[in-house]
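So this one's start-v6.txt, compact mmCIF, C-alpha atoms:
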```
# COMPACT_ATOMS: atom_id res chain seq x y z
CA MET L 209 -9.82 -11.76 -5.96
CA ALA L 210 -8.81 -10.77 -9.47
CA VAL L 211 -5.21 -9.94 -10.23
CA ASP L 212 -5.24 -6.27 -11.24
CA ALA L 213 -2.78 -3.84 -12.72
CA ALA L 214 -2.69 -1.64 -9.62
CA GLY L 215 -1.91 -4.66 -7.44
CA ALA L 216 0.89 -5.71 -9.79
CA VAL L 217 2.38 -2.21 -9.51
CA GLU L 218 2.42 -2.52 -5.72
CA ILE L 219 4.14 -5.91 -5.92
CA ARG L 220 6.74 -4.42 -8.27
CA ARG L 221 7.46 -1.55 -5.88
CA ALA L 222 7.69 -3.91 -2.93
CA LEU L 223 10.30 -6.02 -4.72
CA VAL L 224 12.45 -2.93 -5.27
CA ARG L 225 12.18 -2.08 -1.58
CA LEU L 226 12.86 -5.68 -0.57
CA ARG L 227 16.13 -5.79 -2.52
CA ARG L 228 17.18 -2.35 -1.30
CA THR L 229 16.54 -3.03 2.40
CA THR L 230 17.74 -6.64 2.55
CA GLY L 231 20.59 -6.64 0.05
CA LEU L 232 19.16 -9.78 -1.55
CA PRO L 233 20.09 -9.90 -5.24
CA ILE L 234 16.88 -11.55 -6.44
CA ALA L 235 13.23 -10.79 -5.66
CA PHE L 236 10.01 -11.90 -7.32
CA GLY L 237 6.34 -12.26 -6.50
CA GLY L 238 2.74 -12.21 -7.59
CA LEU L 239 -0.89 -12.08 -6.57
CA VAL L 240 -3.52 -14.76 -6.06
CA GLU L 241 -5.38 -15.64 -9.25
CA SER L 242 -9.13 -15.16 -9.38
CA GLY L 243 -11.07 -18.22 -8.26
CA ARG L 244 -7.97 -20.41 -7.88
CA PRO L 245 -5.94 -21.54 -4.85
CA GLN L 246 -2.69 -20.38 -6.43
CA ILE L 247 -0.55 -17.36 -7.07
CA ARG L 248 0.90 -16.40 -10.43
CA ILE L 249 4.45 -15.04 -10.31
CA SER L 250 4.18 -11.92 -12.44
CA GLU L 251 6.98 -9.62 -11.24
CA LEU L 252 10.71 -10.37 -11.37
CA ASN L 253 13.57 -8.20 -10.10
CA GLY L 254 17.21 -9.19 -10.43
CA THR L 255 16.57 -12.54 -12.12
CA ALA L 256 18.88 -13.79 -14.88
CA THR L 257 16.33 -15.98 -16.70
CA SER L 258 12.58 -16.11 -17.34
CA ALA L 259 12.24 -19.52 -15.64
CA LEU L 260 10.04 -18.14 -12.86
CA SER L 261 7.94 -15.85 -15.06
CA ALA L 262 4.21 -16.71 -15.02
CA LEU L 263 4.85 -19.72 -12.78
CA ALA L 264 1.64 -20.81 -11.03
CA VAL L 265 2.28 -21.77 -7.39
CA THR L 266 -0.46 -23.83 -5.78
CA SER L 267 -1.31 -23.43 -2.10
CA GLY L 268 0.68 -25.95 -0.06
CA ASN L 269 3.26 -26.69 -2.76
CA GLY L 270 6.85 -25.48 -2.66
CA LEU L 271 8.04 -22.68 -0.40
CA GLY L 272 5.60 -20.05 -1.64
CA GLY L 273 2.68 -22.48 -1.49
CA LYS L 274 3.61 -23.31 2.10
CA ALA L 275 3.64 -19.59 2.96
CA VAL L 276 0.18 -19.29 1.39
CA ALA L 277 -1.21 -22.31 3.24
CA LEU L 278 0.19 -21.23 6.62
CA ALA L 279 -0.32 -17.47 6.02
CA ARG L 280 3.11 -16.79 7.53
CA PRO L 281 6.68 -16.23 6.30
CA CYS L 282 8.77 -19.28 5.40
CA ALA L 283 12.44 -19.69 4.46
CA VAL L 284 14.89 -22.42 3.46
CA THR L 285 18.67 -22.35 3.40
CA ASP L 286 19.03 -24.70 0.40
CA TYR L 287 15.86 -24.98 -1.67
CA SER L 288 16.64 -28.11 -3.68
CA SER L 289 17.66 -30.23 -0.69
CA SER L 290 15.20 -28.93 1.90
CA ARG L 291 12.94 -31.52 3.52
CA ARG L 292 10.62 -28.82 4.86
CA ILE L 293 8.92 -28.20 1.52
CA SER L 294 7.63 -30.15 -1.48
CA HIS L 295 9.57 -29.92 -4.73
CA GLU L 296 7.12 -29.34 -7.60
CA TYR L 297 9.01 -26.23 -8.75
CA ASP L 298 12.61 -27.42 -8.45
CA SER L 299 13.27 -27.18 -12.18
CA ALA L 300 12.32 -23.48 -12.34
CA VAL L 301 14.21 -22.67 -9.14
CA SER L 302 17.31 -24.55 -10.32
CA ALA L 303 17.18 -22.89 -13.74
CA GLU L 304 17.44 -19.52 -12.00
CA GLY L 305 20.20 -20.85 -9.75
CA LEU L 306 18.47 -20.10 -6.44
CA ARG L 307 19.57 -21.68 -3.15
CA SER L 308 18.49 -19.70 -0.06
CA VAL L 309 14.92 -18.44 -0.49
CA LEU L 310 12.33 -16.71 1.67
CA ALA L 311 8.62 -16.29 0.95
CA VAL L 312 6.38 -13.78 2.73
CA PRO L 313 2.59 -13.84 2.24
CA VAL L 314 0.59 -10.67 1.61
CA VAL L 315 -2.45 -11.04 3.88
CA VAL L 316 -5.48 -8.74 3.72
CA ARG L 317 -8.42 -9.33 6.06
CA ARG L 318 -7.11 -12.81 6.88
CA ARG L 319 -6.94 -13.78 3.21
CA VAL L 320 -3.66 -14.34 1.42
CA ARG L 321 -3.60 -12.09 -1.62
CA GLY L 322 -0.04 -12.63 -2.84
CA VAL L 323 3.53 -13.63 -2.00
CA LEU L 324 6.89 -11.81 -2.06
CA TYR L 325 10.06 -13.87 -2.50
CA GLY L 326 13.70 -12.97 -1.89
CA ALA L 327 16.62 -15.22 -2.75
CA LEU L 328 20.38 -15.84 -2.85
CA ARG L 329 22.36 -17.92 -5.29
CA ASP L 330 24.35 -19.53 -2.48
CA ALA L 331 23.23 -21.63 0.47
CA ARG L 332 23.51 -19.58 3.66
CA PRO L 333 21.02 -18.69 6.38
CA LEU L 334 18.81 -15.65 5.92
CA GLY L 335 18.88 -13.76 9.20
CA ASP L 336 16.07 -12.25 11.23
CA ARG L 337 16.83 -8.73 9.97
CA THR L 338 16.39 -9.89 6.38
CA LEU L 339 13.12 -11.62 7.16
CA THR L 340 11.83 -8.60 9.10
CA ALA L 341 12.60 -6.28 6.17
CA ALA L 342 10.79 -8.64 3.79
CA VAL L 343 7.76 -8.70 6.09
CA GLU L 344 7.71 -4.88 6.15
CA ALA L 345 7.74 -4.81 2.35
CA ALA L 346 4.76 -7.17 2.34
CA ARG L 347 2.93 -4.92 4.83
CA ASP L 348 3.27 -2.03 2.37
CA VAL L 349 1.50 -4.13 -0.28
CA GLU L 350 -1.20 -5.10 2.21
CA GLN L 351 -1.94 -1.46 3.03
CA ALA L 352 -2.10 -0.54 -0.65
CA LEU L 353 -4.50 -3.42 -1.36
CA VAL L 354 -6.72 -2.38 1.56
CA VAL L 355 -6.97 1.14 0.13
CA GLY L 356 -7.73 -0.27 -3.32
CA ASP L 357 -10.51 -2.45 -1.88
CA GLU L 358 -12.03 0.51 -0.06
CA VAL L 359 -11.94 2.62 -3.22
CA ARG L 360 -13.67 -0.07 -5.27
CA ASP L 361 -16.33 -0.62 -2.60
CA LEU L 362 -17.05 3.09 -2.38
CA LEU L 363 -17.26 3.48 -6.14
CA VAL L 364 -19.68 0.57 -6.37
CA ALA L 365 -21.82 2.09 -3.61
CA ALA L 366 -21.75 5.54 -5.22
CA ARG L 367 -22.70 4.23 -8.66
CA ALA L 368 -25.49 1.97 -7.42
CA GLU L 369 -29.01 2.83 -8.52
CA PRO L 370 -30.68 5.04 -5.88
CA SER L 371 -33.59 3.38 -4.13
CA GLY L 372 -36.13 4.67 -1.66
CA ASP L 373 -35.82 8.24 -0.49
CA ALA L 374 -33.88 10.37 -2.98
CA GLY L 375 -32.52 12.61 -0.25
CA SER L 376 -31.11 9.63 1.63
CA ALA L 377 -29.57 8.29 -1.56
CA TRP L 378 -27.78 11.59 -2.18
CA GLU L 379 -26.47 11.60 1.36
CA GLN L 380 -24.88 8.23 0.61
CA VAL L 381 -23.32 9.68 -2.55
CA ARG L 382 -21.95 12.61 -0.55
CA GLU L 383 -20.53 10.27 2.07
CA ALA L 384 -18.88 8.19 -0.65
CA HIS L 385 -17.47 11.33 -2.26
CA ALA L 386 -15.94 12.47 1.04
CA ALA L 387 -14.49 9.03 1.74
CA LEU L 388 -12.97 8.74 -1.73
CA ARG L 389 -11.32 12.15 -1.48
CA ALA L 390 -9.92 11.20 1.92
CA LEU L 391 -8.48 7.98 0.48
CA ALA L 392 -6.83 9.61 -2.52
CA PRO L 393 -3.72 10.97 -0.72
CA ARG L 394 -3.00 7.45 0.61
CA ILE L 395 -2.62 6.03 -2.91
CA SER L 396 1.02 6.03 -3.96
CA ASP L 397 0.49 5.38 -7.67
CA PRO L 398 -0.08 8.77 -9.41
CA ALA L 399 -2.16 7.28 -12.24
CA VAL L 400 -4.48 5.42 -9.86
CA ARG L 401 -4.78 8.52 -7.65
CA ALA L 402 -5.68 10.68 -10.66
CA GLU L 403 -8.26 8.12 -11.77
CA LEU L 404 -9.83 8.17 -8.32
CA LEU L 405 -10.05 11.97 -8.28
CA ASP L 406 -11.61 11.87 -11.76
CA ALA L 407 -14.23 9.49 -10.35
CA CYS L 408 -14.87 11.98 -7.55
CA GLU L 409 -15.61 14.65 -10.14
CA LEU L 410 -18.11 12.30 -11.82
CA LEU L 411 -20.01 12.12 -8.54
CA THR L 412 -20.45 15.92 -8.57
CA SER L 413 -21.86 16.13 -12.10
CA PRO L 414 -25.48 15.06 -11.49
CA THR L 415 -26.11 18.06 -9.22
CA ALA L 416 -23.98 20.63 -11.04
CA PRO L 417 -25.96 22.84 -13.47
CA THR L 418 -22.76 23.64 -15.37
CA ALA L 419 -19.18 22.48 -15.49
CA PRO L 420 -17.18 23.11 -12.28
CA ARG L 421 -16.08 26.73 -12.03
CA ASP L 422 -12.36 27.29 -12.40
CA ASP L 423 -12.50 30.75 -10.84
CA VAL L 424 -13.21 29.45 -7.34
CA GLY L 425 -9.68 28.08 -7.04
CA LEU L 426 -10.07 25.74 -4.06
CA ALA L 427 -6.96 23.77 -3.13
CA PRO L 428 -7.35 19.96 -3.07
CA ARG L 429 -7.20 19.80 0.73
CA GLU L 430 -9.76 22.61 1.05
CA LEU L 431 -12.09 20.59 -1.13
CA ASP L 432 -11.34 17.46 0.94
CA VAL L 433 -12.39 19.30 4.09
CA LEU L 434 -15.57 20.63 2.47
CA ALA L 435 -16.44 17.12 1.25
CA CYS L 436 -16.18 15.86 4.83
CA VAL L 437 -18.28 18.75 6.12
CA ALA L 438 -20.88 18.09 3.41
CA ALA L 439 -21.09 14.48 4.60
CA GLY L 440 -21.85 15.72 8.13
CA ALA L 441 -18.41 15.44 9.73
CA THR L 442 -17.30 17.71 12.56
CA ASN L 443 -13.88 19.34 12.41
CA ALA L 444 -12.54 16.56 14.64
CA GLY L 445 -14.17 13.91 12.45
CA ALA L 446 -12.74 15.46 9.29
CA ALA L 447 -9.31 15.56 10.93
CA ARG L 448 -9.45 11.85 11.74
CA ARG L 449 -10.56 10.96 8.23
CA LEU L 450 -7.91 13.09 6.54
CA GLY L 451 -5.10 12.27 8.94
CA VAL L 452 -4.47 15.87 10.00
CA THR L 453 -5.11 17.95 13.12
CA ALA L 454 -8.37 19.71 13.91
CA GLU L 455 -6.53 23.05 13.73
CA THR L 456 -5.37 22.21 10.21
CA VAL L 457 -8.95 21.42 9.24
CA LYS L 458 -10.08 24.78 10.65
CA GLY L 459 -7.43 26.54 8.60
CA TYR L 460 -8.49 24.85 5.36
CA LEU L 461 -12.14 25.52 6.15
CA ARG L 462 -11.54 29.22 6.81
CA SER L 463 -9.60 29.53 3.56
CA ALA L 464 -12.35 27.76 1.58
CA MET L 465 -15.04 29.93 3.15
CA ARG L 466 -13.12 33.08 2.22
CA LYS L 467 -12.71 31.97 -1.39
CA LEU L 468 -16.38 31.01 -1.66
CA GLY L 469 -17.61 34.20 0.01
CA ALA L 470 -19.30 32.18 2.75
CA ARG L 471 -19.76 33.13 6.40
CA THR L 472 -20.55 29.67 7.75
CA ARG L 473 -19.66 26.05 7.07
CA GLY L 474 -23.11 25.43 5.65
CA GLU L 475 -22.90 28.38 3.29
CA ALA L 476 -19.52 27.15 2.08
CA VAL L 477 -20.94 23.72 1.26
CA VAL L 478 -23.90 25.25 -0.59
CA ALA L 479 -21.60 27.56 -2.55
CA ALA L 480 -19.30 24.65 -3.46
CA ARG L 481 -22.29 22.63 -4.70
CA ARG L 482 -23.52 25.55 -6.80
CA ALA L 483 -20.03 25.80 -8.28
CA GLY L 484 -20.17 22.11 -9.23
CA LEU L 485 -17.40 21.15 -6.81
CA LEU L 486 -19.44 18.91 -4.50
CA PRO L 487 -22.35 16.49 -5.02
```
What's the structure tokens form of this structure?
Amino acid sequence: MAVDAAGAVEIRRALVRLRRTTGLPIAFGGLVESGRPQIRISELNGTATSALSALAVTSGNGLGGKAVALARPCAVTDYSSSRRISHEYDSAVSAEGLRSVLAVPVVVRRRVRGVLYGALRDARPLGDRTLTAAVEAARDVEQALVVGDEVRDLLVAARAEPSGDAGSAWEQVREAHAALRALAPRISDPAVRAELLDACELLTSPTAPTAPRDDVGLAPRELDVLACVAAGATNAGAARRLGVTAETVKGYLRSAMRKLGARTRGEAVVAARRAGLLP
């Protein structure tokens, strides 16, 4: 899996959270490099030197490599003297002055995608509360990477050349459009979220005779609900996809229908497509 900018942003945010919730003065981490059994440490927080920057950690080697190989958190009280790990990276760790270190893998669909580290400059045990907080920070990265994977898969499916029945192909595009809009609110990075919504607009353009009408004035969530309805979802199905209640979906749908001058769900979808708001 390629190391990407969005993934690096999530690692960076997780390191901030890790330091805040654990009180550890140093945190660093990185993602697995494409096609290689190693991670590249790309993000540093609280370090005093650049000794760890861009360090490649091979699976099985050192503390982080052990966490990758076992796919579970690992910790040592005194890195340089520990007999529980190998010592390929002692020079970099010593240059930064690290003693107690923990490493938590970021695991997505049973595959390690990265590692978060936290460290102290003195040798003392890292308690269960510290390790639990580090694991929770890693879970945040895992969720973000899952969303990113889903977005990429949906974009690939939506942009694929239509084959077979054209009507069936457009139904797939509409389903992808609805799924992408439902994913957007789960993305914490504003730039990535905006890019995803821009991609959603691209999916509407092949069927829109003109540019989307600004006078319709649908709110984002109203459009999310209509996208789900256009893909064939019931109110309950749209609620599950969007993470809201069925009553909330009904409210958004009624508001959208009023703005579009529609009397039924179907009319609202047709009107939205004519306005260039849906594929």
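The smallest atom-to-atom distance between Arg448 (chain L) and any of L:Cys436, L:Val309, L:Leu223, L:Val355, using all atoms listed in the file, is found for L:Cys436.
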- Message: Using only C-alpha atoms, which protein or nucleic acid residues come within 9 Å of region 456-463 of chain L? Drop anything in the same chain fewer than 2 positions from it, and give the result as a PyMOL selection string.
- Response: chain L and resi 426-427+429-431+433-434+443-444+446-447+450+452-454+465-468+473+476
- Task: Please work out which residues fall within 7 Å of (-0.3, -24.0, -8.1), coordinates as given in the file, with all atoms listed in the file counting, and return them as a list in words.
- Result: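 Within the cut-off we find Pro245, Gln246, Ile247, Ala264, Val265, Thr266, Ser267 and Asn269 of chain L.
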- Item | Of the listed residues L:Glu350, L:Asp406, L:Glu296, L:Asp286, that which approaches Gly272 (chain L) most closely, counting all atoms listed in the file | L:Glu296
- Task: Would you work out the distance separating CA of Ala213 (chain L) from CA of Gly305 (chain L), expressed in Å to one decimal?
- Result: 28.7 Å
